[in-house]
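**Q** Below is the file query_2.csv, with CSV, C-alpha atoms and all ligand atoms.
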```csv
chain,number,residue,atom,x,y,z
A,1,MET,CA,154.9,91.7,-176.8
A,2,SER,CA,152.5,88.8,-176.2
A,3,GLU,CA,153.4,85.2,-176.0
A,4,MET,CA,151.4,82.3,-177.1
A,5,LEU,CA,151.4,79.0,-175.1
A,6,ASN,CA,149.9,76.2,-177.1
A,7,VAL,CA,148.4,73.7,-174.7
A,8,LYS,CA,147.2,70.5,-176.5
A,9,LEU,CA,145.3,68.5,-174.0
A,10,ALA,CA,145.1,64.8,-173.7
A,11,SER,CA,143.6,63.2,-170.6
A,12,ASN,CA,146.0,63.1,-167.6
A,13,VAL,CA,148.7,64.9,-169.5
A,14,VAL,CA,150.2,68.1,-168.0
A,15,PRO,CA,149.8,70.8,-170.6
A,16,LEU,CA,152.7,71.2,-173.0
A,17,ARG,CA,153.7,74.8,-173.5
A,18,ALA,CA,155.0,75.9,-176.9
A,19,ARG,CA,156.0,79.5,-177.2
A,20,ALA,CA,155.5,81.7,-180.2
A,21,HIS,CA,155.3,85.4,-180.8
A,22,VAL,CA,152.3,87.2,-182.2
A,23,GLU,CA,153.9,89.9,-184.4
A,24,ASN,CA,153.0,92.4,-187.1
A,25,GLN,CA,149.3,92.5,-186.1
A,26,PRO,CA,147.3,95.5,-187.3
A,27,ALA,CA,146.7,98.3,-184.9
A,28,ILE,CA,143.5,98.6,-182.8
A,29,PRO,CA,140.6,100.2,-184.7
A,30,ALA,CA,140.7,104.0,-184.0
A,31,ARG,CA,137.1,103.9,-182.9
A,32,ALA,CA,137.9,101.7,-180.0
A,33,THR,CA,140.6,104.0,-178.7
A,34,ARG,CA,137.9,106.8,-178.3
A,35,TYR,CA,135.8,104.8,-175.9
A,36,PRO,CA,135.0,106.8,-172.7
A,37,ASP,CA,136.9,104.7,-170.1
A,38,LEU,CA,135.5,104.2,-166.7
A,39,ARG,CA,137.8,103.8,-163.7
A,40,TYR,CA,136.6,100.3,-162.8
A,41,MET,CA,138.1,97.3,-161.0
A,42,GLY,CA,139.2,94.7,-163.6
A,43,SER,CA,138.7,96.9,-166.6
A,44,LYS,CA,140.6,95.6,-169.6
A,45,SER,CA,140.9,99.1,-171.1
A,46,ARG,CA,144.7,99.1,-171.1
A,47,LEU,CA,144.8,95.5,-172.5
A,48,LEU,CA,142.6,96.3,-175.5
A,49,PRO,CA,145.5,96.3,-178.1
A,50,TRP,CA,146.6,92.9,-176.9
A,51,ILE,CA,143.1,91.5,-176.8
A,52,PHE,CA,142.6,92.9,-180.3
A,53,GLU,CA,145.8,91.4,-181.6
A,54,THR,CA,145.0,88.0,-180.1
A,55,LEU,CA,141.3,87.7,-181.0
A,56,ASN,CA,141.6,89.3,-184.4
A,57,ALA,CA,143.3,86.0,-185.4
A,58,VAL,CA,140.2,84.0,-184.3
A,59,ASP,CA,137.4,83.5,-186.9
A,60,PHE,CA,134.1,84.9,-185.5
A,61,ASP,CA,131.3,87.1,-186.7
A,62,SER,CA,129.2,87.4,-183.5
A,63,VAL,CA,130.3,87.6,-179.9
A,64,LEU,CA,128.9,87.5,-176.4
A,65,ASP,CA,130.5,89.6,-173.6
A,66,PRO,CA,128.5,88.4,-170.6
A,67,PHE,CA,130.7,90.2,-168.0
A,68,SER,CA,130.7,93.5,-169.8
A,69,GLY,CA,131.7,95.8,-166.9
A,70,THR,CA,132.7,99.1,-168.5
A,71,GLY,CA,131.8,97.9,-171.9
A,72,CYS,CA,135.2,98.6,-173.4
A,73,VAL,CA,135.8,95.1,-174.7
A,74,GLY,CA,132.3,94.8,-176.2
A,75,TYR,CA,132.9,98.2,-177.8
A,76,LEU,CA,136.2,97.0,-179.3
A,77,PHE,CA,134.3,94.1,-180.9
A,78,LYS,CA,131.7,96.5,-182.2
A,79,SER,CA,134.5,98.6,-183.7
A,80,MET,CA,135.7,95.3,-185.4
A,81,ASP,CA,132.2,95.2,-187.0
A,82,ARG,CA,131.2,92.1,-185.2
A,83,ARG,CA,127.6,91.6,-183.9
A,84,VAL,CA,127.9,92.1,-180.2
A,85,VAL,CA,125.7,90.9,-177.3
A,86,ALA,CA,126.9,92.6,-174.0
A,87,SER,CA,125.6,91.7,-170.6
A,88,ASP,CA,126.4,92.1,-166.9
A,89,PHE,CA,124.5,91.4,-163.8
A,90,MET,CA,124.9,95.0,-162.6
A,91,ASN,CA,122.2,97.3,-164.0
A,92,PHE,CA,124.6,100.3,-164.3
A,93,SER,CA,127.0,98.3,-166.5
A,94,SER,CA,124.2,97.1,-168.7
A,95,LEU,CA,122.9,100.7,-169.2
A,96,VAL,CA,126.4,101.8,-170.3
A,97,ALA,CA,126.5,98.9,-172.8
A,98,ARG,CA,123.0,99.9,-174.1
A,99,ALA,CA,124.2,103.5,-174.6
A,100,THR,CA,127.4,102.6,-176.4
A,101,ILE,CA,127.1,99.1,-177.9
A,102,ALA,CA,123.4,98.4,-178.6
A,103,ASN,CA,122.8,102.0,-179.5
A,104,ASN,CA,123.8,102.6,-183.2
A,105,LYS,CA,122.0,105.8,-183.9
A,106,VAL,CA,120.5,107.8,-181.0
A,107,HIS,CA,122.2,111.0,-179.7
A,108,LEU,CA,121.1,113.4,-177.0
A,109,ASP,CA,120.1,116.5,-178.9
A,110,GLY,CA,119.5,120.1,-177.6
A,111,LYS,CA,115.9,119.4,-176.7
A,112,ALA,CA,116.8,116.3,-174.7
A,113,ILE,CA,119.7,118.1,-172.9
A,114,ARG,CA,117.4,121.0,-172.0
A,115,GLN,CA,115.0,118.5,-170.5
A,116,LEU,CA,117.8,116.8,-168.6
A,117,ILE,CA,119.1,119.9,-166.9
A,118,ASP,CA,115.6,121.5,-166.3
A,119,GLY,CA,115.8,123.2,-162.9
A,120,THR,CA,112.3,122.5,-161.6
A,121,PRO,CA,112.7,121.2,-158.1
A,122,PRO,CA,112.6,117.4,-158.0
A,123,ALA,CA,109.6,115.5,-156.7
A,124,HIS,CA,111.9,113.3,-154.6
A,125,ASN,CA,115.0,114.0,-152.5
A,126,PHE,CA,116.1,110.4,-151.7
A,127,ILE,CA,119.7,111.0,-152.6
A,128,GLU,CA,120.1,114.3,-150.6
A,129,LYS,CA,118.3,112.7,-147.6
A,130,ASN,CA,120.5,109.5,-147.6
A,131,PHE,CA,123.9,110.7,-148.8
A,132,SER,CA,124.4,114.1,-147.1
A,133,GLY,CA,127.8,113.9,-145.4
A,134,VAL,CA,128.6,110.6,-147.1
A,135,PHE,CA,129.4,111.4,-150.8
A,136,TYR,CA,129.5,114.8,-152.6
A,137,LYS,CA,128.4,118.3,-151.8
A,138,GLN,CA,124.8,119.3,-151.1
A,139,GLU,CA,124.4,121.0,-154.5
A,140,ASP,CA,125.7,117.8,-156.3
A,141,LEU,CA,123.2,115.7,-154.3
A,142,LYS,CA,120.3,118.1,-155.2
A,143,PHE,CA,121.4,117.9,-158.8
A,144,LEU,CA,121.4,114.1,-158.7
A,145,ASP,CA,117.9,114.0,-157.4
A,146,ARG,CA,116.7,116.4,-160.1
A,147,VAL,CA,118.5,114.8,-163.0
A,148,SER,CA,117.3,111.3,-161.9
A,149,GLY,CA,113.7,112.5,-162.3
A,150,ASN,CA,114.5,114.3,-165.6
A,151,ILE,CA,116.1,111.2,-167.1
A,152,ARG,CA,112.9,109.3,-166.5
A,153,GLN,CA,111.0,111.9,-168.5
A,154,LEU,CA,112.9,111.0,-171.6
A,155,GLN,CA,110.9,108.7,-173.8
A,156,ASP,CA,113.6,106.8,-175.7
A,157,PRO,CA,115.5,104.0,-173.8
A,158,TYR,CA,118.7,104.8,-175.7
A,159,GLU,CA,118.4,108.5,-174.7
A,160,GLN,CA,117.9,107.4,-171.1
A,161,ALA,CA,120.9,105.1,-171.3
A,162,LEU,CA,123.1,107.8,-172.7
A,163,ALA,CA,122.1,110.1,-169.9
A,164,PHE,CA,122.8,107.5,-167.3
A,165,ALA,CA,126.2,106.7,-168.8
A,166,ALA,CA,127.1,110.4,-168.7
A,167,LEU,CA,125.9,110.6,-165.1
A,168,PHE,CA,127.8,107.5,-164.0
A,169,ARG,CA,131.1,108.7,-165.5
A,170,SER,CA,130.5,112.1,-163.9
A,171,CYS,CA,130.0,110.5,-160.5
A,172,LEU,CA,133.1,108.4,-160.8
A,173,LYS,CA,135.2,111.5,-161.8
A,174,ARG,CA,134.0,113.4,-158.7
A,175,GLN,CA,134.7,110.5,-156.3
A,176,PRO,CA,138.4,110.8,-155.5
A,177,ARG,CA,139.4,107.1,-155.9
A,178,GLY,CA,136.6,106.1,-158.2
A,179,VAL,CA,135.0,103.8,-155.6
A,180,PHE,CA,132.2,104.2,-153.1
A,181,THR,CA,134.0,102.6,-150.2
A,182,ILE,CA,135.3,105.8,-148.7
A,183,SER,CA,133.1,108.7,-147.5
A,184,GLY,CA,132.9,111.8,-145.4
A,185,ASP,CA,135.6,114.4,-145.6
A,186,LEU,CA,137.8,113.4,-148.6
A,187,SER,CA,139.7,116.6,-148.9
A,188,HIS,CA,143.0,114.9,-148.2
A,189,TYR,CA,142.6,113.2,-151.6
A,190,ASP,CA,142.3,116.6,-153.3
A,191,ASP,CA,145.5,116.8,-155.5
A,192,GLY,CA,144.2,119.8,-157.4
A,193,ARG,CA,142.9,117.8,-160.3
A,194,ARG,CA,140.2,119.4,-162.4
A,195,ASP,CA,137.8,116.4,-162.0
A,196,LEU,CA,137.5,117.2,-158.3
A,197,ARG,CA,136.8,120.9,-158.9
A,198,LEU,CA,133.9,120.6,-161.3
A,199,SER,CA,130.4,120.1,-160.0
A,200,ILE,CA,128.6,116.9,-161.1
A,201,GLU,CA,126.3,119.0,-163.3
A,202,GLU,CA,129.3,120.5,-165.1
A,203,HIS,CA,130.8,117.1,-165.6
A,204,PHE,CA,127.5,115.8,-166.8
A,205,LEU,CA,127.2,118.4,-169.6
A,206,GLU,CA,130.7,117.5,-170.7
A,207,GLN,CA,130.1,113.8,-170.5
A,208,ILE,CA,126.9,114.0,-172.6
A,209,GLU,CA,129.1,115.3,-175.4
A,210,VAL,CA,131.6,112.5,-174.8
A,211,TYR,CA,129.0,109.8,-175.0
A,212,ASN,CA,127.3,111.4,-178.0
A,213,ASN,CA,130.7,111.1,-179.8
A,214,ALA,CA,130.9,107.4,-178.9
A,215,VAL,CA,127.7,106.5,-180.7
A,216,PHE,CA,128.3,104.9,-184.1
A,217,ASP,CA,126.6,102.3,-186.3
A,218,ASN,CA,128.5,99.2,-187.2
A,219,GLY,CA,125.7,98.0,-189.4
A,220,ARG,CA,124.9,95.1,-186.9
A,221,ARG,CA,122.0,94.5,-184.5
A,222,ASN,CA,123.9,94.6,-181.2
A,223,LYS,CA,122.3,94.0,-177.9
A,224,ALA,CA,122.8,94.9,-174.2
A,225,LEU,CA,121.2,92.7,-171.5
A,226,ARG,CA,121.3,92.6,-167.8
A,227,SER,CA,121.6,89.1,-166.5
A,228,ASP,CA,123.5,86.7,-164.3
A,229,ILE,CA,125.8,84.6,-166.5
A,230,PHE,CA,123.9,81.4,-165.6
A,231,GLU,CA,120.5,82.9,-166.4
A,232,LEU,CA,121.3,84.4,-169.8
A,233,SER,CA,118.9,83.5,-172.6
A,234,ASN,CA,120.5,81.3,-175.2
A,235,GLU,CA,122.4,83.6,-177.5
A,236,ARG,CA,123.8,81.9,-180.7
A,237,VAL,CA,127.2,83.4,-181.1
A,238,ASP,CA,130.5,82.3,-182.6
A,239,LEU,CA,132.6,83.5,-179.7
A,240,VAL,CA,132.0,84.0,-176.0
A,241,TYR,CA,134.5,86.4,-174.3
A,242,LEU,CA,134.5,85.7,-170.6
A,243,ASP,CA,136.0,88.1,-168.1
A,244,PRO,CA,134.6,87.0,-164.7
A,245,PRO,CA,135.9,88.4,-161.4
A,246,TYR,CA,138.8,86.3,-160.0
A,247,VAL,CA,138.9,85.0,-156.5
A,248,PRO,CA,141.8,87.1,-155.3
A,249,ARG,CA,144.7,86.0,-153.1
A,250,SER,CA,144.1,89.0,-150.8
A,251,ASP,CA,141.4,91.7,-150.5
A,252,ASP,CA,138.0,90.8,-152.1
A,253,ASN,CA,136.4,91.2,-155.5
A,254,CYS,CA,133.0,92.6,-154.6
A,255,TYR,CA,131.6,94.9,-157.3
A,256,THR,CA,128.5,96.0,-155.2
A,257,LYS,CA,130.8,97.1,-152.4
A,258,ARG,CA,132.7,99.4,-154.7
A,259,TYR,CA,130.0,100.6,-157.0
A,260,HIS,CA,126.8,100.4,-154.9
A,261,PHE,CA,126.1,104.1,-155.4
A,262,LEU,CA,126.0,103.8,-159.2
A,263,GLU,CA,123.9,100.7,-159.1
A,264,GLY,CA,121.4,102.5,-156.8
A,265,LEU,CA,121.4,105.6,-159.0
A,266,SER,CA,120.7,103.4,-162.1
A,267,CYS,CA,117.2,102.7,-160.7
A,268,TYR,CA,116.8,105.4,-158.0
A,269,TRP,CA,117.2,102.6,-155.4
A,270,GLN,CA,113.9,101.1,-156.4
A,271,GLY,CA,113.9,97.6,-155.0
A,272,LEU,CA,117.5,98.1,-153.6
A,273,PRO,CA,117.1,99.0,-149.9
A,274,ILE,CA,120.0,100.7,-148.3
A,275,ASP,CA,121.5,99.1,-145.2
A,276,GLN,CA,121.4,102.1,-142.9
A,277,ASN,CA,123.9,100.5,-140.6
A,278,THR,CA,126.7,100.9,-143.1
A,279,LYS,CA,128.7,104.1,-143.1
A,280,VAL,CA,128.6,104.4,-146.9
A,281,LYS,CA,124.9,103.4,-147.2
A,282,LYS,CA,125.4,100.2,-149.1
A,283,ILE,CA,122.9,98.0,-150.8
A,284,ALA,CA,122.9,94.2,-150.5
A,285,LYS,CA,125.8,92.4,-152.2
A,286,ARG,CA,124.9,90.5,-155.3
A,287,TYR,CA,125.9,86.9,-155.1
A,288,THR,CA,128.3,85.5,-157.6
A,289,PRO,CA,130.0,82.1,-157.3
A,290,PHE,CA,133.2,83.7,-158.7
A,291,SER,CA,133.9,85.3,-155.4
A,292,TYR,CA,134.3,82.1,-153.4
A,293,ARG,CA,137.2,79.7,-153.4
A,294,ARG,CA,135.0,76.7,-152.7
A,295,GLU,CA,132.6,77.5,-155.5
A,296,ALA,CA,134.7,79.0,-158.3
A,297,VAL,CA,136.0,75.7,-159.9
A,298,GLU,CA,132.5,74.3,-160.3
A,299,ALA,CA,131.3,77.7,-161.6
A,300,PHE,CA,134.0,77.8,-164.3
A,301,ASP,CA,133.2,74.2,-165.3
A,302,ARG,CA,129.5,75.0,-165.5
A,303,MET,CA,130.2,78.1,-167.5
A,304,PHE,CA,132.4,76.3,-170.0
A,305,ALA,CA,129.8,73.6,-170.4
A,306,ARG,CA,127.1,76.2,-171.1
A,307,PHE,CA,129.1,77.8,-173.9
A,308,ALA,CA,130.6,74.5,-175.3
A,309,LYS,CA,129.0,75.2,-178.7
A,310,SER,CA,130.8,78.5,-179.2
A,311,LYS,CA,134.5,79.3,-179.3
A,312,ILE,CA,135.6,80.6,-175.8
A,313,ALA,CA,138.1,83.3,-174.9
A,314,LEU,CA,138.7,83.6,-171.2
A,315,SER,CA,140.5,86.6,-169.7
A,316,TYR,CA,142.4,85.6,-166.6
A,317,SER,CA,145.2,86.7,-164.4
A,318,SER,CA,148.1,84.9,-162.6
A,319,ASN,CA,146.9,86.3,-159.2
A,320,GLY,CA,143.5,84.5,-159.4
A,321,PHE,CA,142.2,81.2,-158.1
A,322,PRO,CA,141.9,78.6,-159.7
A,323,ASP,CA,145.3,78.7,-161.3
A,324,LEU,CA,146.1,78.6,-165.1
A,325,GLN,CA,146.7,74.9,-165.3
A,326,GLN,CA,143.4,74.0,-163.6
A,327,LEU,CA,141.5,76.3,-165.9
A,328,VAL,CA,143.2,74.9,-169.0
A,329,GLU,CA,142.2,71.4,-167.9
A,330,LEU,CA,138.6,72.5,-167.2
A,331,MET,CA,138.3,74.2,-170.6
A,332,GLY,CA,139.9,71.1,-172.2
A,333,LYS,CA,136.9,69.0,-171.1
A,334,HIS,CA,134.7,71.0,-173.4
A,335,LYS,CA,137.1,72.1,-176.2
A,336,LYS,CA,139.5,70.2,-178.6
A,337,THR,CA,142.2,72.8,-178.5
A,338,VAL,CA,143.1,75.2,-175.8
A,339,THR,CA,145.6,77.9,-176.5
A,340,VAL,CA,147.0,80.3,-173.8
A,341,PHE,CA,148.3,83.7,-174.7
A,342,GLU,CA,150.1,85.7,-172.0
A,343,LYS,CA,151.2,89.2,-171.3
A,344,PRO,CA,152.9,90.9,-168.3
A,345,HIS,CA,150.7,93.5,-166.8
A,346,ARG,CA,150.7,96.0,-164.0
A,347,TYR,CA,147.3,96.9,-162.4
A,348,HIS,CA,146.8,100.5,-161.3
A,349,PHE,CA,143.6,99.8,-159.6
A,350,GLY,CA,143.2,99.5,-155.9
A,351,THR,CA,142.4,101.3,-152.7
A,352,HIS,CA,145.7,100.6,-151.0
A,353,SER,CA,149.3,100.8,-152.2
A,354,LYS,CA,149.9,97.0,-152.1
A,355,VAL,CA,147.1,96.4,-154.7
A,356,GLU,CA,148.2,99.3,-156.8
A,357,ARG,CA,151.6,97.9,-157.2
A,358,ALA,CA,150.3,94.5,-158.3
A,359,SER,CA,152.3,93.0,-161.1
A,360,VAL,CA,150.7,90.0,-162.8
A,361,THR,CA,150.7,88.0,-165.9
A,362,GLU,CA,147.5,88.4,-167.9
A,363,TYR,CA,146.2,85.4,-169.9
A,364,LEU,CA,143.8,84.9,-172.7
A,365,ILE,CA,142.8,81.3,-172.8
A,366,VAL,CA,141.2,80.4,-176.1
A,367,GLY,CA,139.2,77.2,-176.6
A,368,GLN,CA,138.0,76.1,-180.0
A,401,LIG,C1,136.4,91.8,-164.4
A,401,LIG,S1,134.9,92.6,-164.6
A,401,LIG,C2,134.7,92.8,-166.3
A,401,LIG,C3,135.5,93.9,-166.8
A,401,LIG,C4,135.2,94.2,-168.3
A,401,LIG,N1,135.6,93.2,-169.2
A,401,LIG,C5,135.9,95.5,-168.6
A,401,LIG,O1,136.9,95.5,-169.3
A,401,LIG,O2,135.4,96.6,-168.2
A,401,LIG,C6,133.7,91.5,-164.1
A,401,LIG,C7,132.2,91.9,-164.3
A,401,LIG,O3,131.4,90.7,-164.0
A,401,LIG,C8,130.2,91.1,-163.4
A,401,LIG,N2,129.7,89.9,-162.8
A,401,LIG,C9,130.2,89.3,-161.7
A,401,LIG,N3,129.5,88.1,-161.5
A,401,LIG,C10,128.6,88.0,-162.5
A,401,LIG,C11,127.6,87.0,-162.8
A,401,LIG,N4,127.5,85.9,-162.0
A,401,LIG,N5,126.9,87.2,-163.9
A,401,LIG,C12,127.1,88.3,-164.7
A,401,LIG,N6,128.0,89.3,-164.4
A,401,LIG,C13,128.7,89.1,-163.3
A,401,LIG,C14,130.6,92.3,-162.5
A,401,LIG,O4,129.5,93.1,-162.3
A,401,LIG,C15,131.7,92.9,-163.3
A,401,LIG,O5,131.2,94.0,-164.1
```
Give the structure from this file in structure tokens form.
**A**
Amino acid sequence: MSEMLNVKLASNVVPLRARAHVENQPAIPARATRYPDLRYMGSKSRLLPWIFETLNAVDFDSVLDPFSGTGCVGYLFKSMDRRVVASDFMNFSSLVARATIANNKVHLDGKAIRQLIDGTPPAHNFIEKNFSGVFYKQEDLKFLDRVSGNIRQLQDPYEQALAFAALFRSCLKRQPRGVFTISGDLSHYDDGRRDLRLSIEEHFLEQIEVYNNAVFDNGRRNKALRSDIFELSNERVDLVYLDPPYVPRSDDNCYTKRYHFLEGLSCYWQGLPIDQNTKVKKIAKRYTPFSYRREAVEAFDRMFARFAKSKIALSYSSNGFPDLQQLVELMGKHKKTVTVFEKPHRYHFGTHSKVERASVTEYLIVGQ
């Protein structure tokens, strides 16, 4: 059950919290439940019914999701027949959004699939050369070199995006904890699950089918962009759904550190040199002010100012910095009414047991 805290702001007044329940809301659109989830830090996949319940009550026809991550929230909005603009500063995220949100019609047909798995030896062996002994078996690495070349032979950008999405999901399934921070002999993680037995090529063929099934036309011109939030072109939208990383109390929130392999794969490491001194062959971290305690407050303020003309819905969590009250006050500088919805939540993501057990309160802070 979600709770709504109504915070009416006046200057220098500590927010007043009125509680009410959101009840009898319609169920999430069936389409959205069929989205191919990616195991991803901060994914809102398990919170989609609550996000739907809450935002379905807000009046909007178009929506921007500029921290799109796995794309599951943007896809929920697409399933609600809204016009969606999804964006993320990671190229691999933006490709997934292109495949599933921007793409209304294109599927990978038999001809494209044959092209993709064509066995001609690849022109390049960058992946095999760099990642042997780091991630995956030799046959998987050879396949990744081959399929990377074959994807580039496809003419249609949506076909390419679908193939990439299928490949990223395959790679995540074959990586025991779904992150690229651990390498070498990972046999102690092998709990017998099917995902770890299949080759990446076998996964890829299955995932093509999965992503083909996710394609649908909501009758709107949806877009997928790749951009830093502060460099986004001006998109005229009714609602902006913001889900930035939170400065955590412990650990860090670096997406490049966890997903560098997918980001490299998305462009065959063109322009992304590998730091050969790192055990897992990382690329340089992408800067975001949302990772730093001393910069986050100013970044939220700047972000709210930037989207002051639209309604704003911010996903946030009780374990982040700055805290709820500070965020409500910041949003109140740019919005007449700020309403806070909250829900208890337990995160299952993490690379150590402490993080896995994290119990938090999730917030949706809505400014209108
Ligand atoms: C909490 S995750 C979003 C999760 C997403 N809503 C989902 O459910 O999958 C935050 C995302 O913000 C992206 N990101 C971080 N800093 C960014 C920035 N300055 N501009 C654009 N995207 C950024 C990260 O790449 C990451 O995908």
**Q** Please check which residues have atoms at most 10 Å from (140.1, 104.5, -177.6) in the file's coordinates, counting only C-alpha atoms, and write them as a list in words.
**A**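 Returned residue set, sorted by chain then number, is Ile28, Pro29, Ala30, Arg31, Ala32, Thr33, Arg34, Tyr35, Pro36, Asp37, Ser45, Arg46, Leu48, Pro49, Cys72, Tyr75, Leu76 and Ala214 of chain A.
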**Q** Return as JSON lines the residues of chain A lying at most 6 Å from ligand LIG 401 (chain A), together with the closest atom-to-atom pair for each and the distance in Å to one decimal, counting all atoms listed in the file, with rows in chain order and ascending residue number.
**A**
```
{"residue": "A:Gly42", "atom": "CA", "partner": "A:LIG401", "partner_atom": "C1", "distance": 4.1}
{"residue": "A:Ser43", "atom": "CA", "partner": "A:LIG401", "partner_atom": "O1", "distance": 3.5}
{"residue": "A:Lys44", "atom": "CA", "partner": "A:LIG401", "partner_atom": "O1", "distance": 3.7}
{"residue": "A:Ser45", "atom": "CA", "partner": "A:LIG401", "partner_atom": "O1", "distance": 5.7}
{"residue": "A:Phe67", "atom": "CA", "partner": "A:LIG401", "partner_atom": "O3", "distance": 4.1}
{"residue": "A:Ser68", "atom": "CA", "partner": "A:LIG401", "partner_atom": "C4", "distance": 4.8}
{"residue": "A:Gly69", "atom": "CA", "partner": "A:LIG401", "partner_atom": "O5", "distance": 3.4}
{"residue": "A:Thr70", "atom": "CA", "partner": "A:LIG401", "partner_atom": "O2", "distance": 3.7}
{"residue": "A:Gly71", "atom": "CA", "partner": "A:LIG401", "partner_atom": "O2", "distance": 5.3}
{"residue": "A:Cys72", "atom": "CA", "partner": "A:LIG401", "partner_atom": "O1", "distance": 5.4}
{"residue": "A:Val73", "atom": "CA", "partner": "A:LIG401", "partner_atom": "O1", "distance": 5.5}
{"residue": "A:Asp88", "atom": "CA", "partner": "A:LIG401", "partner_atom": "N6", "distance": 4.1}
{"residue": "A:Phe89", "atom": "CA", "partner": "A:LIG401", "partner_atom": "N6", "distance": 4.1}
{"residue": "A:Met90", "atom": "CA", "partner": "A:LIG401", "partner_atom": "O4", "distance": 5.0}
{"residue": "A:Ser227", "atom": "CA", "partner": "A:LIG401", "partner_atom": "C12", "distance": 5.8}
{"residue": "A:Asp228", "atom": "CA", "partner": "A:LIG401", "partner_atom": "N5", "distance": 3.5}
{"residue": "A:Ile229", "atom": "CA", "partner": "A:LIG401", "partner_atom": "N5", "distance": 3.8}
{"residue": "A:Asp243", "atom": "CA", "partner": "A:LIG401", "partner_atom": "C2", "distance": 5.2}
{"residue": "A:Pro244", "atom": "CA", "partner": "A:LIG401", "partner_atom": "C6", "distance": 4.6}
{"residue": "A:Pro245", "atom": "CA", "partner": "A:LIG401", "partner_atom": "C1", "distance": 4.6}
{"residue": "A:Tyr255", "atom": "CA", "partner": "A:LIG401", "partner_atom": "O4", "distance": 5.7}
{"residue": "A:Thr288", "atom": "CA", "partner": "A:LIG401", "partner_atom": "N4", "distance": 4.5}
```
**Q** Would you please work out which residue, of A:Val84, A:Ala27, A:Ala163, A:Met331, is nearest to Phe307 in chain A when using all atoms listed in the file?
**A**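 Among the listed residues, A:Met331 lies closest to Phe307 in chain A.
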**Q** Determine, counting only C-alpha atoms, every residue of protein, DNA or RNA that lies within 12 Å of (129.5, 117.6, -153.9) in the file coordinates, then give the result as a PyMOL selection string.
**A** chain A and resi 127-128+131-144+170-171+173-176+183-187+195-203
**Q** Do you have the CA of Ser87 in chain A-CA of Val237 in chain A distance handy?
**A** 13.5 Å
**Q** Which value, in Å to one decimal, gives the distance between CA of Val240 in chain A and CA of Ser266 in chain A?
**A** 26.4 Å
**Q** Could you tell me how far CA of Tyr287 in chain A sits from CA of Asp275 in chain A, in Å to one decimal place?
**A**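 Between CA of Asp275 in chain A and CA of Tyr287 in chain A the gap works out to 16.3 Å.
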**Q** Residues at most 6 Å from Ala224 in chain A, counting only C-alpha atoms, excluding those fewer than 2 positions away in the same chain, as a ChimeraX atom specification?
**A** /A:85-87,97-98,102
**Q** Need the shell around Pro344 in chain A: protein/DNA/RNA residues with any atom at most 8 Å away, counting all atoms listed in the file. Skip same-chain ones fewer than 3 positions apart. Format as a PyMOL selection string?
**A** chain A and resi 359-362
**Q** Would you write out those residues with C-alpha atoms, as a PDB file, in the frame of the given file?
**A**
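Contents of the output file out.pdb:
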```
ATOM      1  CA  SER A 359     152.300  93.000-161.100  1.00  0.00           C
ATOM      2  CA  VAL A 360     150.700  90.000-162.800  1.00  0.00           C
ATOM      3  CA  THR A 361     150.700  88.000-165.900  1.00  0.00           C
ATOM      4  CA  GLU A 362     147.500  88.400-167.900  1.00  0.00           C
TER       5      GLU A 362
END
```
**Q** Calculated over only C-alpha atoms, which of the candidates A:Ser93, A:Asn319, A:Ser62, A:Ser79 has the smallest distance to Leu262 in chain A?
**A**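 Once distances to Leu262 in chain A are computed over only C-alpha atoms, the minimum belongs to A:Ser93.
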